[in-house]
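Have a look at work-v7.txt; it's compact mmCIF, C-alpha atoms and all ligand atoms:
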# COMPACT_ATOMS: atom_id res chain seq x y z
CA MET W 88 11.04 16.45 0.00
CA VAL W 89 14.65 17.26 0.65
CA SER W 90 17.47 15.95 -1.49
CA ASP W 91 20.41 17.35 0.37
CA VAL W 92 20.96 16.78 4.09
CA GLN W 93 24.32 17.31 5.68
CA ILE W 94 24.92 15.38 8.87
CA ARG W 95 28.00 15.78 11.05
CA ILE W 96 28.58 14.05 14.36
CA LEU W 97 30.04 16.62 16.77
CA VAL W 98 30.15 14.52 19.95
CA ASP W 99 30.36 10.78 20.37
CA ASN W 100 31.99 8.12 22.55
CA ARG W 101 34.61 7.80 19.81
CA ALA W 102 36.27 10.68 18.03
CA ASP W 103 38.49 11.31 15.06
CA LYS W 104 42.04 12.53 15.65
CA GLY W 105 42.15 16.08 16.98
CA LEU W 106 38.59 15.94 18.38
CA VAL W 107 37.48 15.43 21.98
CA GLU W 108 35.67 12.17 22.77
CA GLU W 109 33.23 11.69 25.63
CA HIS W 110 30.31 9.48 26.56
CA GLY W 111 27.66 11.62 24.91
CA PHE W 112 26.07 12.53 21.62
CA SER W 113 25.51 15.61 19.50
CA VAL W 114 24.79 15.99 15.80
CA TRP W 115 24.86 18.98 13.45
CA LEU W 116 22.26 18.95 10.68
CA GLU W 117 21.95 21.22 7.69
CA VAL W 118 18.81 20.97 5.63
CA PHE W 119 17.93 23.60 3.04
CA GLY W 120 20.31 26.02 4.74
CA ARG W 121 18.65 25.48 8.13
CA LYS W 122 21.11 24.53 10.84
CA ILE W 123 19.87 22.31 13.63
CA LEU W 124 21.74 20.94 16.64
CA PHE W 125 20.44 17.63 17.95
CA ASP W 126 21.64 17.13 21.56
CA THR W 127 24.73 18.64 23.12
CA GLY W 128 26.84 15.81 24.60
CA GLN W 129 28.07 15.76 28.18
CA GLY W 130 29.61 19.23 28.15
CA LYS W 131 33.35 19.07 27.46
CA ALA W 132 33.44 18.09 23.80
CA LEU W 133 30.81 20.19 22.03
CA LEU W 134 32.45 23.62 21.91
CA PRO W 135 35.98 22.51 20.96
CA ASN W 136 34.69 19.98 18.41
CA ALA W 137 32.24 22.43 16.85
CA ASP W 138 35.07 24.94 16.52
CA THR W 139 37.46 22.38 15.01
CA MET W 140 34.79 21.17 12.59
CA GLU W 141 33.84 24.75 11.70
CA CYS W 142 30.22 24.32 12.77
CA ASN W 143 29.32 27.75 14.06
CA LEU W 144 26.84 27.26 16.89
CA GLU W 145 25.88 30.93 16.74
CA LEU W 146 24.13 30.18 13.46
CA ILE W 147 21.82 27.37 14.56
CA ASP W 148 18.10 27.87 13.99
CA ALA W 149 17.06 25.21 16.48
CA LEU W 150 18.33 23.04 19.31
CA VAL W 151 16.47 19.74 19.72
CA LEU W 152 16.95 17.68 22.89
CA SER W 153 16.29 13.97 22.45
CA HIS W 154 15.87 13.51 26.23
CA GLY W 155 17.13 14.89 29.51
CA HIS W 156 20.03 12.56 30.32
CA TYR W 157 23.26 14.36 31.31
CA ASP W 158 25.17 12.98 28.32
CA HIS W 159 22.81 14.75 25.87
CA SER W 160 22.07 17.94 27.80
CA GLY W 161 25.50 18.77 29.25
CA ALA W 162 26.24 21.77 27.01
CA VAL W 163 22.75 23.30 26.84
CA ALA W 164 23.96 26.39 28.74
CA ASP W 165 26.83 26.86 26.26
CA VAL W 166 24.44 26.57 23.32
CA VAL W 167 21.92 28.96 24.86
CA GLN W 168 24.74 31.45 25.35
CA ARG W 169 26.17 31.07 21.84
CA ALA W 170 22.98 30.72 19.84
CA GLY W 171 21.12 33.74 21.16
CA SER W 172 18.10 33.49 18.91
CA SER W 173 17.60 29.79 18.20
CA ARG W 174 14.41 27.96 19.09
CA ILE W 175 14.60 25.04 21.52
CA PHE W 176 12.52 21.87 21.19
CA CYS W 177 12.32 19.75 24.30
CA HIS W 178 9.96 17.53 26.29
CA ALA W 179 8.96 18.84 29.74
CA ASN W 180 10.03 15.55 31.37
CA ALA W 181 13.61 16.27 30.35
CA PHE W 182 14.09 17.92 33.76
CA VAL W 183 12.93 15.13 36.08
CA PRO W 184 15.43 13.75 38.64
CA ARG W 185 16.77 10.41 37.42
CA TYR W 186 19.30 7.80 38.45
CA SER W 187 21.12 4.78 37.16
CA ILE W 188 21.40 2.06 39.80
CA GLU W 189 23.68 -0.87 39.02
CA SER W 190 23.57 -3.72 41.56
CA GLY W 191 26.11 -3.19 44.34
CA GLU W 192 26.90 0.37 43.24
CA PRO W 193 25.68 3.65 44.73
CA PRO W 194 22.96 5.39 42.67
CA ARG W 195 24.37 7.61 39.95
CA ASN W 196 22.64 10.90 39.19
CA ILE W 197 22.17 11.00 35.40
CA ALA W 198 19.71 13.91 35.19
CA MET W 199 20.22 17.18 33.37
CA SER W 200 22.35 19.41 35.63
CA LEU W 201 20.78 22.34 37.44
CA HIS W 202 23.08 24.70 35.56
CA ASN W 203 21.83 23.51 32.18
CA GLY W 204 18.18 23.35 33.31
CA GLU W 205 18.36 26.94 34.55
CA ALA W 206 19.89 28.04 31.26
CA LEU W 207 17.00 26.44 29.41
CA PHE W 208 14.42 28.11 31.62
CA SER W 209 16.14 31.46 31.06
CA VAL W 210 15.24 31.30 27.36
CA PRO W 211 12.20 33.49 26.55
CA ASP W 212 8.95 31.51 26.31
CA ASN W 213 8.40 32.41 22.68
CA ARG W 214 11.56 30.50 21.70
CA VAL W 215 10.90 27.28 23.64
CA ARG W 216 8.64 24.59 22.22
CA TRP W 217 7.51 21.92 24.68
CA VAL W 218 7.05 18.86 22.53
CA THR W 219 4.16 16.63 23.55
CA ARG W 220 3.26 15.08 20.20
CA PRO W 221 4.82 14.63 16.75
CA ARG W 222 5.46 17.97 15.11
CA MET W 223 7.41 19.56 12.32
CA ILE W 224 10.27 21.99 12.92
CA ALA W 225 10.23 23.02 9.30
CA SER W 226 9.01 21.53 6.06
CA GLY W 227 10.29 17.95 5.88
CA ILE W 228 11.93 17.99 9.34
CA GLY W 229 10.00 16.41 12.21
CA ILE W 230 10.26 15.50 15.88
CA SER W 231 8.63 12.28 16.99
CA GLY W 232 7.22 13.44 20.32
CA PRO W 233 6.94 10.67 22.94
CA ILE W 234 7.18 7.24 21.30
CA PRO W 235 4.60 4.49 22.07
CA ARG W 236 6.26 1.43 23.58
CA LEU W 237 4.60 -1.39 21.72
CA HIS W 238 7.24 -4.01 20.95
CA PRO W 239 7.35 -6.76 23.61
CA LEU W 240 11.15 -7.10 23.58
CA GLU W 241 12.09 -3.43 23.68
CA ASP W 242 12.76 -1.76 27.03
CA THR W 243 14.63 1.40 28.03
CA GLY W 244 17.89 -0.54 28.04
CA GLY W 245 19.23 0.06 31.52
CA PRO W 246 18.67 0.23 35.29
CA PHE W 247 16.97 3.64 35.12
CA PHE W 248 14.99 5.02 38.07
CA LEU W 249 13.26 8.24 39.10
CA ASP W 250 14.42 7.98 42.73
CA PRO W 251 17.79 7.12 44.29
CA GLU W 252 16.22 4.20 46.20
CA GLY W 253 15.26 2.50 42.95
CA ARG W 254 11.54 2.19 43.78
CA HIS W 255 10.18 3.83 40.63
CA SER W 256 11.55 2.83 37.27
CA ASP W 257 12.10 5.63 34.77
CA PRO W 258 10.21 4.99 31.51
CA ILE W 259 12.14 7.90 29.92
CA ARG W 260 8.95 9.29 28.44
CA ASP W 261 10.84 12.30 27.15
CA ASP W 262 12.81 10.14 24.69
CA MET W 263 12.24 11.51 21.18
CA ALA W 264 13.81 11.09 17.76
CA MET W 265 13.92 13.28 14.66
CA TRP W 266 13.24 12.57 11.04
CA ILE W 267 14.00 14.22 7.75
CA GLU W 268 11.93 13.45 4.66
CA THR W 269 14.38 13.09 1.80
CA ASP W 270 13.66 12.10 -1.77
CA ARG W 271 15.14 8.69 -0.93
CA GLY W 272 13.04 8.15 2.19
CA LEU W 273 13.30 8.93 5.87
CA VAL W 274 16.56 9.74 7.61
CA ILE W 275 15.92 8.93 11.26
CA LEU W 276 18.08 10.41 13.98
CA THR W 277 18.04 8.93 17.49
CA GLY W 278 19.62 10.17 20.72
CA CYS W 279 19.81 7.08 22.96
CA CYS W 280 16.76 5.36 21.48
CA HIS W 281 15.48 4.39 24.93
CA SER W 282 12.09 3.70 23.30
CA GLY W 283 13.66 0.97 21.16
CA LEU W 284 14.55 1.18 17.49
CA ILE W 285 11.54 -0.77 16.23
CA ASN W 286 9.11 1.36 18.27
CA THR W 287 10.89 4.53 17.11
CA VAL W 288 11.03 3.78 13.41
CA GLU W 289 7.48 2.38 13.23
CA HIS W 290 6.14 5.45 15.05
CA ILE W 291 7.92 7.82 12.69
CA ARG W 292 6.79 5.89 9.61
CA ALA W 293 3.21 6.12 10.88
CA VAL W 294 3.18 9.80 11.83
CA SER W 295 5.18 11.04 8.84
CA GLY W 296 3.22 8.96 6.35
CA VAL W 297 6.53 8.03 4.68
CA GLU W 298 7.18 4.29 4.62
CA LYS W 299 10.61 4.13 3.06
CA VAL W 300 13.56 4.33 5.46
CA TYR W 301 16.68 5.68 3.81
CA GLY W 302 18.91 5.64 6.88
CA VAL W 303 19.20 5.53 10.64
CA ILE W 304 21.84 7.35 12.63
CA GLY W 305 22.32 7.69 16.38
CA GLY W 306 22.65 5.91 19.69
CA LEU W 307 20.66 2.67 19.68
CA HIS W 308 21.17 1.65 23.31
CA LEU W 309 21.46 -2.06 22.65
CA VAL W 310 24.25 -2.53 25.17
CA ASN W 311 22.11 -4.71 27.46
CA ALA W 312 19.89 -6.16 24.72
CA SER W 313 19.06 -9.87 24.68
CA ARG W 314 19.92 -11.99 21.66
CA ASP W 315 16.19 -12.15 20.84
CA ARG W 316 15.91 -8.38 20.87
CA LEU W 317 18.99 -7.99 18.68
CA GLU W 318 17.58 -10.52 16.23
CA SER W 319 14.21 -8.72 16.16
CA THR W 320 15.98 -5.40 15.56
CA CYS W 321 17.98 -6.89 12.68
CA HIS W 322 14.87 -8.50 11.24
CA ALA W 323 13.07 -5.15 11.29
CA LEU W 324 16.07 -3.41 9.71
CA ARG W 325 16.17 -6.00 6.92
CA GLN W 326 12.52 -5.31 6.22
CA TRP W 327 12.94 -1.53 6.22
CA ASN W 328 16.04 -2.09 4.09
CA PRO W 329 17.80 1.25 4.71
CA ALA W 330 20.82 2.25 2.65
CA PHE W 331 22.81 3.06 5.77
CA VAL W 332 22.77 2.49 9.52
CA VAL W 333 25.20 4.52 11.61
CA PRO W 334 25.16 3.21 15.19
CA CYS W 335 26.78 5.62 17.64
CA HIS W 336 27.22 6.45 21.30
CA CYS W 337 25.40 3.92 23.52
CA THR W 338 24.75 1.20 20.91
CA GLY W 339 27.40 -1.10 22.42
CA GLU W 340 30.35 -2.75 20.67
CA GLU W 341 28.81 -6.20 20.60
CA ALA W 342 25.52 -4.94 19.20
CA GLN W 343 27.38 -3.00 16.51
CA SER W 344 29.25 -6.17 15.48
CA TYR W 345 25.96 -8.06 15.47
CA LEU W 346 24.35 -5.46 13.22
CA ARG W 347 27.36 -5.49 10.89
CA VAL W 348 27.26 -9.28 10.52
CA ALA W 349 23.50 -9.22 9.94
CA LEU W 350 23.30 -6.22 7.60
CA GLY W 351 26.72 -5.94 6.05
CA GLU W 352 28.65 -2.92 4.90
CA ARG W 353 25.78 -0.50 5.13
CA VAL W 354 26.38 -0.53 8.90
CA ILE W 355 29.06 2.06 9.62
CA SER W 356 30.04 2.89 13.18
CA GLY W 357 29.74 6.60 13.90
CA TYR W 358 32.27 8.83 15.67
CA ALA W 359 32.80 12.53 16.30
CA GLY W 360 34.11 13.93 13.03
CA PHE W 361 32.02 11.56 10.90
CA GLY W 362 29.92 13.35 8.35
CA PHE W 363 28.09 12.75 5.13
CA ASN W 364 25.68 14.26 2.73
CA THR W 365 22.57 12.32 1.78
CA SER W 366 22.83 13.41 -1.84
CA GLN W 367 25.87 11.12 -2.10
CA LYS W 368 25.05 7.82 -3.75
CA THR W 369 26.61 5.83 -0.94
CA VAL W 370 27.69 6.62 2.58
CA SER W 371 31.33 5.76 3.02
CA LEU W 372 34.25 6.76 5.20
ZN ZN H 401 23.09 8.69 25.97
ZN ZN H 402 19.88 8.33 27.70

How does this structure look as structure tokens?
Amino acid sequence: MVSDVQIRILVDNRADKGLVEEHGFSVWLEVFGRKILFDTGQGKALLPNADTMECNLELIDALVLSHGHYDHSGAVADVVQRAGSSRIFCHANAFVPRYSIESGEPPRNIAMSLHNGEALFSVPDNRVRWVTRPRMIASGIGISGPIPRLHPLEDTGGPFFLDPEGRHSDPIRDDMAMWIETDRGLVILTGCCHSGLINTVEHIRAVSGVEKVYGVIGGLHLVNASRDRLESTCHALRQWNPAFVVPCHCTGEEAQSYLRVALGERVISGYAGFGFNTSQKTVSL
């Protein structure tokens, strides 16, 4: 069990003064002196923000990719270059071609760029871990592996396809989350949460064997969620009863307001520059 986890949001759709904002997500974690980078954002914000926030990417022990979308994998090449000896945890499907197709709009390529994919494949085999099932990175720090999609109301949250014609929907099988086992329960970290928050949290509770949820932080991708899905998500959160929920990135403004009304002050919107330490009694700005 870990008592002291430092979490700092390096990249988000919103940013504190003096930091770069972009549609993307990246989080710096420090647990027992181990430094882990979870996602890299879209590419422009990570390096300047990490420098401003004095998070030295050369020191990271591991890079974890939540999934292969461009807004999470856009600075992989920069990280590979800076962090010469870190391990990389990633699902093999993170490299598949993928598109977002809104009605009436041309298909948008939202895959990991070739440049970043090549950088990842240039890393020696002994430092890359292809994640196919739940596994630990270190004692008390886990990666979910692919998340079973069990809840009837949870979908990937957008018009995602594997081909530009929109014939094959993209189930985003590579979507993964992380967890940290603290003495107050699980801290769960999501990238875009394309698997759905209920599916994600229930999977992690099952595989970790830890029932208590201390906090959730990350993109929740509820931007297109129905009222029923939002209500189910809030109902599940009330049952888990976490001390904090920090929705970020792709959660959606309306969904964030909905969560705040339903769950109160423990819901705090994240932004680049936001940070806290889980040994604090409360999470506050
Ligand atoms: Zn995203
Ligand atoms: Zn995504």

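The two atoms in question, CA of Ala330 (chain W) and CA of Ser356 (chain W), are spaced 14.0 Å apart.
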
Pull the closest atom pair for each residue of chain W that gets at most 9 Å from ligand ZN 402 (chain H), along with the distance in Å to one decimal, counting only C-alpha atoms and all ligand atoms, ordering rows by chain and then ascending residue number, as JSON lines.
{"residue": "W:Gly111", "atom": "CA", "partner": "H:ZN402", "partner_atom": "ZN", "distance": 8.9}
{"residue": "W:Ser153", "atom": "CA", "partner": "H:ZN402", "partner_atom": "ZN", "distance": 8.5}
{"residue": "W:His154", "atom": "CA", "partner": "H:ZN402", "partner_atom": "ZN", "distance": 6.7}
{"residue": "W:Gly155", "atom": "CA", "partner": "H:ZN402", "partner_atom": "ZN", "distance": 7.3}
{"residue": "W:His156", "atom": "CA", "partner": "H:ZN402", "partner_atom": "ZN", "distance": 5.0}
{"residue": "W:Tyr157", "atom": "CA", "partner": "H:ZN402", "partner_atom": "ZN", "distance": 7.8}
{"residue": "W:Asp158", "atom": "CA", "partner": "H:ZN402", "partner_atom": "ZN", "distance": 7.1}
{"residue": "W:His159", "atom": "CA", "partner": "H:ZN402", "partner_atom": "ZN", "distance": 7.3}
{"residue": "W:Ile197", "atom": "CA", "partner": "H:ZN402", "partner_atom": "ZN", "distance": 8.5}
{"residue": "W:Thr243", "atom": "CA", "partner": "H:ZN402", "partner_atom": "ZN", "distance": 8.7}
{"residue": "W:Ile259", "atom": "CA", "partner": "H:ZN402", "partner_atom": "ZN", "distance": 8.1}
{"residue": "W:Asp262", "atom": "CA", "partner": "H:ZN402", "partner_atom": "ZN", "distance": 7.9}
{"residue": "W:Gly278", "atom": "CA", "partner": "H:ZN402", "partner_atom": "ZN", "distance": 7.2}
{"residue": "W:Cys279", "atom": "CA", "partner": "H:ZN402", "partner_atom": "ZN", "distance": 4.9}
{"residue": "W:Cys280", "atom": "CA", "partner": "H:ZN402", "partner_atom": "ZN", "distance": 7.6}
{"residue": "W:His281", "atom": "CA", "partner": "H:ZN402", "partner_atom": "ZN", "distance": 6.5}
{"residue": "W:Gly306", "atom": "CA", "partner": "H:ZN402", "partner_atom": "ZN", "distance": 8.8}
{"residue": "W:His308", "atom": "CA", "partner": "H:ZN402", "partner_atom": "ZN", "distance": 8.1}
{"residue": "W:Cys337", "atom": "CA", "partner": "H:ZN402", "partner_atom": "ZN", "distance": 8.2}

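Coordinates place CA of Ala132 (chain W) at a distance of 19.8 Å from CA of Leu276 (chain W).
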
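Nearest residue to ligand ZN 401 (chain H) among W:Leu307, W:Leu106, W:Leu273, W:Leu237 is W:Leu307, counting all atoms listed in the file.
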
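Nearest residue to ligand ZN 401 (chain H), choosing from W:Ser173, W:Thr277, W:Gln93, W:Gln326 and counting all atoms listed in the file: W:Thr277.
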
Exercise. Excluding same-chain residues fewer than 2 positions from region 134-145 of chain W, what lies within 8 Å of it counting all atoms listed in the file, as number ranges by chain?
Worked result: W: 97-98, 106-107, 115, 131-132, 147, 165-166, 169-171, 359-360

Requested write-out: C-alpha atoms of the selected residues, as a PDB file, in the frame of the given file:
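Final output, saved to selection-v3.pdb:
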ATOM      1  CA  LEU W  97      30.040  16.620  16.770  1.00  0.00           C
ATOM      2  CA  VAL W  98      30.150  14.520  19.950  1.00  0.00           C
ATOM      3  CA  LEU W 106      38.590  15.940  18.380  1.00  0.00           C
ATOM      4  CA  VAL W 107      37.480  15.430  21.980  1.00  0.00           C
ATOM      5  CA  TRP W 115      24.860  18.980  13.450  1.00  0.00           C
ATOM      6  CA  LYS W 131      33.350  19.070  27.460  1.00  0.00           C
ATOM      7  CA  ALA W 132      33.440  18.090  23.800  1.00  0.00           C
ATOM      8  CA  ILE W 147      21.820  27.370  14.560  1.00  0.00           C
ATOM      9  CA  ASP W 165      26.830  26.860  26.260  1.00  0.00           C
ATOM     10  CA  VAL W 166      24.440  26.570  23.320  1.00  0.00           C
ATOM     11  CA  ARG W 169      26.170  31.070  21.840  1.00  0.00           C
ATOM     12  CA  ALA W 170      22.980  30.720  19.840  1.00  0.00           C
ATOM     13  CA  GLY W 171      21.120  33.740  21.160  1.00  0.00           C
ATOM     14  CA  ALA W 359      32.800  12.530  16.300  1.00  0.00           C
ATOM     15  CA  GLY W 360      34.110  13.930  13.030  1.00  0.00           C
TER      16      GLY W 360
END

For this session: Can you work out the spacing between CA of Ala312 (chain W) and CA of Arg292 (chain W) in Å, to one decimal?
Result: 23.3 Å

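Using all atoms listed in the file, the protein and nucleic acid residues lying no more than 8 Å from Arg220 (chain W), apart from those fewer than 2 places from it along its own chain, are Val218, Arg222, Ser231, Gly232 and Pro233 of chain W.
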
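In terms of minimum interatomic distance to Gln129 (chain W), W:Asn203 ranks closest within W:Asn213, W:Asn203, W:Ser90, W:Ser366, counting all atoms listed in the file.
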
Problem set entry | Counting all atoms listed in the file, the residue of W:Val288, W:Leu207, W:Leu116, W:Val310 that sits nearest ligand ZN 401 (chain H) | W:Val310
